[in-house]
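Everything below belongs to entry.txt, which stores compact mmCIF, C-alpha atoms (C1' of nucleotides).
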```
# COMPACT_ATOMS: atom_id res chain seq x y z
CA MET A 1 -19.30 17.31 10.75
CA LYS A 2 -22.31 15.33 9.69
CA THR A 3 -22.93 12.68 12.27
CA MET A 4 -24.86 9.78 10.85
CA GLU A 5 -26.55 7.49 13.28
CA SER A 6 -25.41 3.94 13.61
CA GLN A 7 -27.14 1.25 15.57
CA PHE A 8 -24.01 -0.84 15.47
CA GLY A 9 -21.82 2.02 16.60
CA GLU A 10 -24.07 2.95 19.47
CA LYS A 11 -24.17 -0.65 20.58
CA ILE A 12 -20.45 -1.23 20.65
CA ARG A 13 -19.95 2.05 22.43
CA ALA A 14 -22.44 0.95 25.06
CA LEU A 15 -20.80 -2.43 25.36
CA ARG A 16 -17.39 -0.86 25.68
CA ALA A 17 -18.65 1.38 28.48
CA GLN A 18 -20.17 -1.63 30.16
CA GLN A 19 -16.82 -3.40 30.05
CA GLN A 20 -15.16 -0.19 31.18
CA LEU A 21 -12.69 -0.16 28.37
CA TYR A 22 -11.10 2.80 26.63
CA LEU A 23 -10.79 3.12 22.90
CA ARG A 24 -7.06 2.56 23.21
CA GLN A 25 -7.73 -0.76 24.90
CA VAL A 26 -9.95 -2.00 22.11
CA ALA A 27 -8.59 -0.47 18.94
CA PRO A 28 -5.32 -2.45 18.81
CA TRP A 29 -7.16 -5.74 18.68
CA LEU A 30 -8.84 -4.51 15.53
CA GLU A 31 -5.55 -3.21 14.17
CA MET A 32 -6.64 0.38 14.05
CA ASP A 33 -6.06 3.55 16.04
CA THR A 34 -8.46 5.18 18.46
CA ALA A 35 -9.51 7.80 15.95
CA GLN A 36 -10.79 5.17 13.61
CA LEU A 37 -12.64 3.23 16.24
CA SER A 38 -14.16 6.45 17.47
CA LYS A 39 -15.47 7.10 13.98
CA ILE A 40 -16.86 3.61 13.74
CA GLU A 41 -18.74 4.11 16.99
CA LYS A 42 -20.18 7.30 15.57
CA GLY A 43 -21.09 5.68 12.29
CA LEU A 44 -18.64 7.70 10.24
CA ARG A 45 -16.76 4.58 9.24
CA GLN A 46 -17.82 0.99 8.81
CA LEU A 47 -16.19 -1.88 10.59
CA LYS A 48 -15.22 -4.62 8.17
CA ARG A 49 -17.74 -7.43 8.10
CA GLU A 50 -15.12 -10.00 9.05
CA GLN A 51 -14.10 -8.04 12.14
CA ILE A 52 -17.49 -8.28 13.77
CA SER A 53 -16.83 -11.54 15.56
CA THR A 54 -13.53 -10.17 16.78
CA ILE A 55 -15.11 -7.18 18.42
CA ALA A 56 -17.92 -9.34 19.75
CA ASN A 57 -15.30 -11.41 21.54
CA ILE A 58 -13.49 -8.39 22.92
CA LEU A 59 -16.70 -6.90 24.24
CA LYS A 60 -18.11 -10.26 25.33
CA ALA A 61 -21.16 -9.77 23.17
CA ASP A 62 -23.17 -11.95 20.86
CA THR A 63 -21.79 -11.99 17.32
CA ASP A 64 -25.17 -12.50 15.71
CA GLU A 65 -26.65 -9.56 17.53
CA LEU A 66 -23.85 -7.29 16.43
CA LEU A 67 -23.96 -8.64 12.91
CA THR A 68 -27.66 -7.91 12.74
CA LEU A 69 -27.09 -4.31 13.75
CA TRP A 70 -24.21 -3.98 11.36
CA LEU A 71 -26.36 -5.25 8.49
CA ALA A 72 -29.17 -2.95 9.57
CA ASP A 73 -26.78 -0.02 9.23
CA GLN A 74 -25.86 -1.08 5.72
CA ILE A 75 -29.50 -1.37 4.74
CA TYR A 76 -30.31 1.92 6.37
CA ALA A 77 -27.61 3.61 4.34
CA VAL A 78 -29.47 2.51 1.23
CA VAL A 79 -33.03 3.38 2.21
CA LYS A 80 -32.74 6.38 4.47
CA ASP A 81 -34.43 9.37 2.85
CA GLU A 82 -36.33 7.02 0.55
CA LYS A 83 -40.07 7.27 0.81
CA LEU A 84 -40.30 3.79 -0.71
CA ALA A 85 -38.05 2.23 1.89
CA ASN A 86 -40.69 -0.08 3.28
CA GLU A 87 -41.91 -1.22 -0.10
CA ALA A 88 -38.35 -1.97 -1.11
CA MET A 89 -37.73 -4.04 1.98
CA GLN A 90 -40.95 -5.86 1.38
CA ALA A 91 -39.83 -6.68 -2.15
CA THR A 92 -36.49 -7.86 -0.86
CA GLU A 93 -38.11 -10.16 1.65
CA GLU A 94 -40.17 -11.70 -1.10
CA LYS A 95 -37.08 -12.32 -3.12
CA ILE A 96 -35.30 -13.97 -0.22
CA LYS A 97 -38.30 -16.15 0.40
CA HIS A 98 -38.29 -17.36 -3.18
CA LYS A 99 -34.59 -18.03 -3.04
CA LYS A 100 -35.00 -20.20 0.03
CA THR A 101 -37.90 -22.02 -1.57
CA LYS A 102 -35.84 -22.80 -4.61
CA GLN A 103 -33.04 -24.22 -2.48
CA GLU A 104 -35.28 -26.85 -0.90
CA MET B 1 -19.53 -14.81 -15.89
CA LYS B 2 -21.39 -14.65 -12.64
CA THR B 3 -24.90 -13.53 -13.40
CA MET B 4 -26.46 -11.87 -10.39
CA GLU B 5 -30.19 -11.57 -10.42
CA SER B 6 -31.79 -8.20 -10.54
CA GLN B 7 -35.45 -7.48 -10.09
CA PHE B 8 -34.97 -4.07 -11.59
CA GLY B 9 -33.08 -5.41 -14.57
CA GLU B 10 -35.61 -8.09 -15.31
CA LYS B 11 -38.39 -5.54 -15.10
CA ILE B 12 -36.90 -3.05 -17.50
CA ARG B 13 -36.07 -5.80 -19.92
CA ALA B 14 -39.68 -6.94 -19.82
CA LEU B 15 -40.91 -3.39 -20.27
CA ARG B 16 -38.57 -2.84 -23.16
CA ALA B 17 -39.86 -5.99 -24.84
CA GLN B 18 -43.39 -4.83 -24.23
CA GLN B 19 -42.61 -1.54 -25.95
CA GLN B 20 -40.80 -3.44 -28.67
CA LEU B 21 -37.66 -1.42 -28.36
CA TYR B 22 -34.08 -2.49 -28.98
CA LEU B 23 -31.25 -1.72 -26.65
CA ARG B 24 -29.90 0.71 -29.19
CA GLN B 25 -33.16 2.61 -29.11
CA VAL B 26 -33.08 3.04 -25.36
CA ALA B 27 -29.41 3.32 -24.44
CA PRO B 28 -28.77 6.73 -26.02
CA TRP B 29 -31.42 8.38 -23.87
CA LEU B 30 -29.46 7.21 -20.87
CA GLU B 31 -26.20 8.35 -22.43
CA MET B 32 -24.69 4.91 -22.51
CA ASP B 33 -23.97 2.23 -25.09
CA THR B 34 -25.92 -0.99 -25.57
CA ALA B 35 -23.31 -3.03 -23.76
CA GLN B 36 -23.83 -1.07 -20.60
CA LEU B 37 -27.59 -1.22 -20.76
CA SER B 38 -27.40 -4.92 -21.41
CA LYS B 39 -25.35 -5.32 -18.25
CA ILE B 40 -27.81 -3.25 -16.29
CA GLU B 41 -30.65 -5.47 -17.43
CA LYS B 42 -28.68 -8.48 -16.27
CA GLY B 43 -27.80 -6.91 -12.96
CA LEU B 44 -24.10 -6.66 -13.67
CA ARG B 45 -24.20 -2.89 -13.42
CA GLN B 46 -26.43 -0.52 -11.53
CA LEU B 47 -28.36 2.24 -13.14
CA LYS B 48 -27.76 5.55 -11.42
CA ARG B 49 -30.48 6.42 -8.96
CA GLU B 50 -31.22 9.69 -10.75
CA GLN B 51 -31.73 7.95 -14.08
CA ILE B 52 -34.65 5.89 -12.90
CA SER B 53 -37.32 8.41 -13.77
CA THR B 54 -35.72 8.86 -17.19
CA ILE B 55 -35.99 5.19 -18.01
CA ALA B 56 -39.46 5.06 -16.53
CA ASN B 57 -40.51 7.71 -19.02
CA ILE B 58 -38.87 5.97 -21.94
CA LEU B 59 -40.54 2.69 -21.10
CA LYS B 60 -43.81 4.32 -20.07
CA ALA B 61 -43.61 2.79 -16.65
CA ASP B 62 -44.25 3.97 -13.13
CA THR B 63 -41.21 5.63 -11.57
CA ASP B 64 -42.11 4.54 -8.06
CA GLU B 65 -42.45 0.94 -9.07
CA LEU B 66 -39.06 0.94 -10.75
CA LEU B 67 -37.48 2.80 -7.88
CA THR B 68 -38.82 0.23 -5.47
CA LEU B 69 -37.25 -2.58 -7.46
CA TRP B 70 -34.01 -0.67 -7.79
CA LEU B 71 -33.86 -0.16 -4.04
CA ALA B 72 -34.71 -3.80 -3.47
CA ASP B 73 -31.70 -4.74 -5.57
CA GLN B 74 -29.46 -2.52 -3.47
CA ILE B 75 -30.76 -4.04 -0.28
CA TYR B 76 -30.46 -7.52 -1.68
CA ALA B 77 -26.82 -6.89 -2.49
CA VAL B 78 -26.27 -6.26 1.21
CA VAL B 79 -28.21 -9.15 2.69
CA LYS B 80 -27.93 -11.95 0.20
CA ASP B 81 -26.05 -14.87 1.73
CA GLU B 82 -26.72 -13.46 5.19
CA LYS B 83 -28.61 -15.78 7.47
CA LEU B 84 -29.63 -12.75 9.54
CA ALA B 85 -31.12 -10.91 6.59
CA ASN B 86 -34.64 -10.87 7.95
CA GLU B 87 -33.61 -9.80 11.42
CA ALA B 88 -31.57 -6.99 9.92
CA MET B 89 -34.47 -5.75 7.84
CA GLN B 90 -36.68 -5.93 10.88
CA ALA B 91 -34.20 -3.77 12.79
CA THR B 92 -34.04 -1.31 9.93
CA GLU B 93 -37.81 -1.00 9.82
CA GLU B 94 -37.84 -0.22 13.51
CA LYS B 95 -35.28 2.47 13.01
CA ILE B 96 -37.25 4.05 10.19
CA LYS B 97 -40.36 3.98 12.29
CA HIS B 98 -38.61 5.85 15.07
CA LYS B 99 -37.25 8.38 12.66
CA LYS B 100 -40.70 9.09 11.31
CA THR B 101 -42.09 9.38 14.81
CA LYS B 102 -39.48 11.91 15.73
CA GLN B 103 -40.31 14.04 12.72
CA GLU B 104 -43.93 14.47 13.72
C1' DA C 1 -0.79 23.62 33.64
C1' DT C 2 -0.76 18.47 32.86
C1' DA C 3 -2.64 14.20 31.61
C1' DC C 4 -5.62 11.53 29.21
C1' DA C 5 -9.79 10.18 26.44
C1' DT C 6 -11.97 11.28 22.55
C1' DT C 7 -12.80 13.71 18.20
C1' DA C 8 -12.06 16.29 13.83
C1' DG C 9 -9.66 17.19 9.68
C1' DC C 10 -6.69 16.16 6.17
C1' DC C 11 -4.96 13.57 2.43
C1' DA C 12 -2.47 9.62 0.50
C1' DA C 13 -3.36 4.83 -0.24
C1' DT C 14 -6.69 1.31 -1.50
C1' DA C 15 -10.71 -0.48 -3.19
C1' DT C 16 -14.75 -0.39 -5.98
C1' DT C 17 -17.50 0.99 -9.80
C1' DT C 18 -17.97 2.82 -14.23
C1' DG C 19 -17.32 4.02 -19.22
C1' DA C 20 -15.73 2.95 -23.50
C1' DC C 21 -14.35 0.00 -26.80
C1' DA C 22 -13.45 -4.41 -29.27
C1' DA C 23 -14.57 -8.86 -30.08
C1' DG C 24 -17.73 -12.53 -29.44
C1' DT C 25 -22.25 -15.42 -29.83
C1' DC C 26 -26.51 -16.37 -31.84
C1' DA C 27 -30.47 -16.39 -34.98
C1' DA C 28 -32.77 -15.09 -39.19
C1' DG C 29 -32.66 -14.46 -43.88
C1' DA C 30 -30.52 -13.96 -48.60
C1' DT D 1 -22.78 -20.35 -46.35
C1' DC D 2 -22.31 -15.42 -45.82
C1' DT D 3 -24.22 -11.25 -43.88
C1' DT D 4 -26.71 -8.53 -40.89
C1' DG D 5 -28.39 -7.09 -36.65
C1' DA D 6 -29.33 -7.71 -31.63
C1' DC D 7 -27.27 -8.71 -27.77
C1' DT D 8 -23.33 -10.16 -24.75
C1' DT D 9 -18.74 -10.64 -22.90
C1' DG D 10 -14.15 -9.22 -21.63
C1' DT D 11 -10.78 -5.98 -20.68
C1' DC D 12 -8.83 -2.08 -18.78
C1' DA D 13 -8.14 2.77 -17.79
C1' DA D 14 -10.63 6.44 -15.62
C1' DA D 15 -13.59 8.07 -12.28
C1' DT D 16 -15.49 7.54 -7.45
C1' DA D 17 -15.70 6.08 -3.00
C1' DT D 18 -13.77 4.39 1.17
C1' DT D 19 -10.14 3.71 4.38
C1' DG D 20 -5.83 4.22 7.15
C1' DG D 21 -2.73 6.88 9.47
C1' DC D 22 -1.35 10.95 11.28
C1' DT D 23 -1.73 15.54 13.64
C1' DA D 24 -4.02 18.80 15.97
C1' DA D 25 -7.98 20.01 18.54
C1' DT D 26 -11.51 19.54 22.28
C1' DG D 27 -13.14 18.46 26.70
C1' DT D 28 -12.59 17.08 31.42
C1' DA D 29 -10.58 16.08 35.69
C1' DT D 30 -6.72 16.76 38.80
```
Mind turning the file's structure into structure tokens?
Amino acid sequence: MKTMESQFGEKIRALRAQQQLYLRQVAPWLEMDTAQLSKIEKGLRQLKREQISTIANILKADTDELLTLWLADQIYAVVKDEKLANEAMQATEEKIKHKKTKQE
Amino acid sequence: MKTMESQFGEKIRALRAQQQLYLRQVAPWLEMDTAQLSKIEKGLRQLKREQISTIANILKADTDELLTLWLADQIYAVVKDEKLANEAMQATEEKIKHKKTKQE
DNA sequence: ATACATTAGCCAATATTTGACAAGTCAAGA
DNA sequence: TCTTGACTTGTCAAATATTGGCTAATGTAT
């Protein structure tokens, strides 16, 4: 099976180990089974965006930190294998900057 | 209709104007109708990744430049409305850097 | 061998995106 | 005003992609 790396997945696995919890102790709170959570930790599935704060609470972690990693995974899915990844991110940053400027 | 901005779309529209071509003169090369191409230019649809070099040729533009904008649109779709957008891109850049390092 | 944590594989269910078409707006010109 | 042509919008079925739930498998410790 192709195992794609996931910063988010690695982090929640580490946090879960830190809290000494088993998959079966965490999965129910997210309304899924252990197989699914296992896949999320391995980056084979994505946690739903709105479940991030839930898992942050369970694992006593910072929601923003987890959200950042989750977003990074989504971006990575787009740009991995792209030689122009950095240029594209640069262009995106510019766009965000302009958006913010317009809002003011 | 919600009109989402698209750097790629705006660019190809500008290029098409520059070449003085109508939608109906471009769309067939991409095997689509004018309605679809119109939506792509307005960011309501995404051109397929593998069609980028085709349209670059039609519009006598640089494939890499268009690909960069296309990727930027994909990234933007992920991070728009996210207050942690910049942090996430930062994290992604780090990850890419590590990947490259490992390859060497 | 048993127990338990985790993982892999499968496939139906769900969600998202696309393709194709019809109808619409708008502007220029007869 | 009527027509034509460029472009746009809306709709909806079809195609794709993703997820959820289940079962069986793997690995490890007792």
Please report, as CSV, each residue of chain D lying at most 8 Å from range 5-27 of chain C, together with the nearest pair of atoms and the separation in Å rounded to one decimal; use all atoms listed in the file, and order rows by chain and ascending residue number.
```
residue,atom,partner,partner_atom,distance
D:DT8,C1',C:DT25,C1',7.4
D:DT9,C1',C:DG24,C1',6.9
D:DA14,C1',C:DG19,C1',8.0
D:DA15,C1',C:DT18,C1',7.1
D:DT16,C1',C:DT17,C1',7.2
D:DA17,C1',C:DT16,C1',7.2
D:DT18,C1',C:DA15,C1',7.2
D:DT19,C1',C:DT14,C1',7.2
D:DG20,C1',C:DA13,C1',7.8
D:DA25,C1',C:DA8,C1',7.3
D:DT26,C1',C:DT7,C1',7.2
```
Any chance you could fit chain B onto chain A with least squares, all Cα atoms in order, and share the moved copy as an mmCIF file with C-alpha atoms, keeping the file's coordinate frame?
```cif
data_model
loop_
_atom_site.group_PDB
_atom_site.id
_atom_site.type_symbol
_atom_site.label_atom_id
_atom_site.label_comp_id
_atom_site.auth_asym_id
_atom_site.auth_seq_id
_atom_site.Cartn_x
_atom_site.Cartn_y
_atom_site.Cartn_z
ATOM 1 C CA MET B 1 -19.367 17.292 10.738
ATOM 2 C CA LYS B 2 -22.383 15.336 9.674
ATOM 3 C CA THR B 3 -23.004 12.705 12.290
ATOM 4 C CA MET B 4 -24.884 9.777 10.827
ATOM 5 C CA GLU B 5 -26.556 7.498 13.281
ATOM 6 C CA SER B 6 -25.416 3.960 13.617
ATOM 7 C CA GLN B 7 -27.144 1.266 15.585
ATOM 8 C CA PHE B 8 -24.022 -0.821 15.481
ATOM 9 C CA GLY B 9 -21.822 2.026 16.623
ATOM 10 C CA GLU B 10 -24.062 2.962 19.493
ATOM 11 C CA LYS B 11 -24.183 -0.651 20.592
ATOM 12 C CA ILE B 12 -20.462 -1.225 20.663
ATOM 13 C CA ARG B 13 -19.942 2.027 22.469
ATOM 14 C CA ALA B 14 -22.434 0.931 25.102
ATOM 15 C CA LEU B 15 -20.790 -2.466 25.377
ATOM 16 C CA ARG B 16 -17.386 -0.903 25.693
ATOM 17 C CA ALA B 17 -18.638 1.321 28.503
ATOM 18 C CA GLN B 18 -20.165 -1.693 30.165
ATOM 19 C CA GLN B 19 -16.813 -3.464 30.042
ATOM 20 C CA GLN B 20 -15.136 -0.278 31.192
ATOM 21 C CA LEU B 21 -12.667 -0.245 28.374
ATOM 22 C CA TYR B 22 -11.059 2.727 26.664
ATOM 23 C CA LEU B 23 -10.786 3.086 22.946
ATOM 24 C CA ARG B 24 -7.074 2.517 23.223
ATOM 25 C CA GLN B 25 -7.705 -0.808 24.894
ATOM 26 C CA VAL B 26 -9.941 -2.039 22.112
ATOM 27 C CA ALA B 27 -8.575 -0.478 18.935
ATOM 28 C CA PRO B 28 -5.320 -2.456 18.779
ATOM 29 C CA TRP B 29 -7.172 -5.761 18.652
ATOM 30 C CA LEU B 30 -8.850 -4.498 15.522
ATOM 31 C CA GLU B 31 -5.554 -3.232 14.146
ATOM 32 C CA MET B 32 -6.642 0.363 14.027
ATOM 33 C CA ASP B 33 -6.031 3.538 16.002
ATOM 34 C CA THR B 34 -8.454 5.158 18.432
ATOM 35 C CA ALA B 35 -9.490 7.769 15.910
ATOM 36 C CA GLN B 36 -10.787 5.134 13.571
ATOM 37 C CA LEU B 37 -12.634 3.231 16.245
ATOM 38 C CA SER B 38 -14.142 6.450 17.474
ATOM 39 C CA LYS B 39 -15.458 7.109 13.984
ATOM 40 C CA ILE B 40 -16.857 3.620 13.760
ATOM 41 C CA GLU B 41 -18.729 4.118 17.007
ATOM 42 C CA LYS B 42 -20.183 7.313 15.606
ATOM 43 C CA GLY B 43 -21.098 5.720 12.316
ATOM 44 C CA LEU B 44 -18.642 7.727 10.267
ATOM 45 C CA ARG B 45 -16.783 4.600 9.240
ATOM 46 C CA GLN B 46 -17.855 1.015 8.838
ATOM 47 C CA LEU B 47 -16.218 -1.847 10.587
ATOM 48 C CA LYS B 48 -15.248 -4.588 8.174
ATOM 49 C CA ARG B 49 -17.772 -7.385 8.068
ATOM 50 C CA GLU B 50 -15.140 -9.957 9.020
ATOM 51 C CA GLN B 51 -14.122 -8.021 12.116
ATOM 52 C CA ILE B 52 -17.500 -8.271 13.754
ATOM 53 C CA SER B 53 -16.859 -11.531 15.542
ATOM 54 C CA THR B 54 -13.524 -10.163 16.750
ATOM 55 C CA ILE B 55 -15.130 -7.178 18.400
ATOM 56 C CA ALA B 56 -17.921 -9.345 19.727
ATOM 57 C CA ASN B 57 -15.316 -11.418 21.528
ATOM 58 C CA ILE B 58 -13.501 -8.404 22.894
ATOM 59 C CA LEU B 59 -16.702 -6.910 24.227
ATOM 60 C CA LYS B 60 -18.123 -10.261 25.305
ATOM 61 C CA ALA B 61 -21.157 -9.780 23.152
ATOM 62 C CA ASP B 62 -23.184 -11.948 20.831
ATOM 63 C CA THR B 63 -21.801 -11.993 17.293
ATOM 64 C CA ASP B 64 -25.201 -12.488 15.708
ATOM 65 C CA GLU B 65 -26.676 -9.550 17.520
ATOM 66 C CA LEU B 66 -23.863 -7.273 16.419
ATOM 67 C CA LEU B 67 -23.974 -8.604 12.896
ATOM 68 C CA THR B 68 -27.671 -7.886 12.737
ATOM 69 C CA LEU B 69 -27.104 -4.287 13.760
ATOM 70 C CA TRP B 70 -24.218 -3.953 11.349
ATOM 71 C CA LEU B 71 -26.374 -5.209 8.500
ATOM 72 C CA ALA B 72 -29.184 -2.911 9.560
ATOM 73 C CA ASP B 73 -26.796 0.012 9.236
ATOM 74 C CA GLN B 74 -25.865 -1.053 5.722
ATOM 75 C CA ILE B 75 -29.486 -1.345 4.733
ATOM 76 C CA TYR B 76 -30.315 1.945 6.360
ATOM 77 C CA ALA B 77 -27.613 3.641 4.328
ATOM 78 C CA VAL B 78 -29.471 2.520 1.217
ATOM 79 C CA VAL B 79 -33.020 3.395 2.189
ATOM 80 C CA LYS B 80 -32.754 6.403 4.425
ATOM 81 C CA ASP B 81 -34.451 9.385 2.804
ATOM 82 C CA GLU B 82 -36.326 7.032 0.490
ATOM 83 C CA LYS B 83 -40.073 7.281 0.730
ATOM 84 C CA LEU B 84 -40.299 3.788 -0.772
ATOM 85 C CA ALA B 85 -38.051 2.235 1.844
ATOM 86 C CA ASN B 86 -40.693 -0.066 3.247
ATOM 87 C CA GLU B 87 -41.916 -1.217 -0.133
ATOM 88 C CA ALA B 88 -38.347 -1.969 -1.139
ATOM 89 C CA MET B 89 -37.715 -4.033 1.961
ATOM 90 C CA GLN B 90 -40.951 -5.857 1.363
ATOM 91 C CA ALA B 91 -39.807 -6.695 -2.166
ATOM 92 C CA THR B 92 -36.456 -7.861 -0.872
ATOM 93 C CA GLU B 93 -38.089 -10.149 1.661
ATOM 94 C CA GLU B 94 -40.147 -11.705 -1.090
ATOM 95 C CA LYS B 95 -37.056 -12.324 -3.116
ATOM 96 C CA ILE B 96 -35.277 -13.965 -0.205
ATOM 97 C CA LYS B 97 -38.271 -16.137 0.432
ATOM 98 C CA HIS B 98 -38.233 -17.361 -3.144
ATOM 99 C CA LYS B 99 -34.548 -18.036 -2.989
ATOM 100 C CA LYS B 100 -34.970 -20.160 0.100
ATOM 101 C CA THR B 101 -37.847 -22.023 -1.486
ATOM 102 C CA LYS B 102 -35.771 -22.840 -4.499
ATOM 103 C CA GLN B 103 -32.995 -24.248 -2.355
ATOM 104 C CA GLU B 104 -35.230 -26.825 -0.728
#
```
Using all atoms listed in the file, find each residue in chain B having at least one atom no more than 9 Å away from chain C; report its shortest atom-to-atom pair and that distance in Å (one decimal), rows by chain then rising number, as CSV.
```
residue,atom,partner,partner_atom,distance
B:Met32,CA,C:DG19,C1',8.1
B:Asp33,CA,C:DA20,C1',8.4
B:Gln36,CA,C:DG19,C1',8.4
B:Arg45,CA,C:DT18,C1',8.5
```
What would the file look like if the residues just selected were written as a short mmCIF file (atom, residue, chain, number, x, y, z; two decimals), keeping the file's coordinate frame with C-alpha atoms?
```
data_model
loop_
_atom_site.label_atom_id
_atom_site.label_comp_id
_atom_site.auth_asym_id
_atom_site.auth_seq_id
_atom_site.Cartn_x
_atom_site.Cartn_y
_atom_site.Cartn_z
CA MET B 32 -24.69 4.91 -22.51
CA ASP B 33 -23.97 2.23 -25.09
CA GLN B 36 -23.83 -1.07 -20.60
CA ARG B 45 -24.20 -2.89 -13.42
#
```
Shell around Ala91 in chain B at 12 Å using only C-alpha atoms (C1' of nucleotides), local window under 6 positions removed, as a ChimeraX atom specification | /A:6-8,65-76,89 /B:84-85,97-98
Output of the above residues as a PDB file, keeping the file's coordinate frame, restricted to C-alpha atoms:
```pdb
ATOM      1  CA  SER A   6     -25.410   3.940  13.610  1.00  0.00           C
ATOM      2  CA  GLN A   7     -27.140   1.250  15.570  1.00  0.00           C
ATOM      3  CA  PHE A   8     -24.010  -0.840  15.470  1.00  0.00           C
ATOM      4  CA  GLU A  65     -26.650  -9.560  17.530  1.00  0.00           C
ATOM      5  CA  LEU A  66     -23.850  -7.290  16.430  1.00  0.00           C
ATOM      6  CA  LEU A  67     -23.960  -8.640  12.910  1.00  0.00           C
ATOM      7  CA  THR A  68     -27.660  -7.910  12.740  1.00  0.00           C
ATOM      8  CA  LEU A  69     -27.090  -4.310  13.750  1.00  0.00           C
ATOM      9  CA  TRP A  70     -24.210  -3.980  11.360  1.00  0.00           C
ATOM     10  CA  LEU A  71     -26.360  -5.250   8.490  1.00  0.00           C
ATOM     11  CA  ALA A  72     -29.170  -2.950   9.570  1.00  0.00           C
ATOM     12  CA  ASP A  73     -26.780  -0.020   9.230  1.00  0.00           C
ATOM     13  CA  GLN A  74     -25.860  -1.080   5.720  1.00  0.00           C
ATOM     14  CA  ILE A  75     -29.500  -1.370   4.740  1.00  0.00           C
ATOM     15  CA  TYR A  76     -30.310   1.920   6.370  1.00  0.00           C
ATOM     16  CA  MET A  89     -37.730  -4.040   1.980  1.00  0.00           C
TER      17      MET A  89
ATOM     18  CA  LEU B  84     -29.630 -12.750   9.540  1.00  0.00           C
ATOM     19  CA  ALA B  85     -31.120 -10.910   6.590  1.00  0.00           C
ATOM     20  CA  LYS B  97     -40.360   3.980  12.290  1.00  0.00           C
ATOM     21  CA  HIS B  98     -38.610   5.850  15.070  1.00  0.00           C
TER      22      HIS B  98
END
```
Which residues of chain A are close to chain D, meaning at most 12 Å apart when you count only C-alpha atoms (C1' of nucleotides), and how do they look as a ChimeraX atom specification?
-> /A:31-37,39-40,44-48
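Between CA of Thr92 in chain A and CA of Glu10 in chain B the separation is 14.5 Å.
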d(CA of Ile12 in chain A, CA of Ala61 in chain A) in Å |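 Rounded to one decimal, the two atoms are 8.9 Å apart.
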Of the residues B:Leu15, B:Ala27, B:Val78, B:Ile52, which is the one nearest to chain A, using only C-alpha atoms?
->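 Counting only C-alpha atoms, the residue closest to chain A is B:Val78.
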Restricting the calculation to all atoms listed in the file, which member of A:Lys42, A:Arg49, A:Arg24, A:Lys60 is positioned closest to chain B?
-> A:Arg49
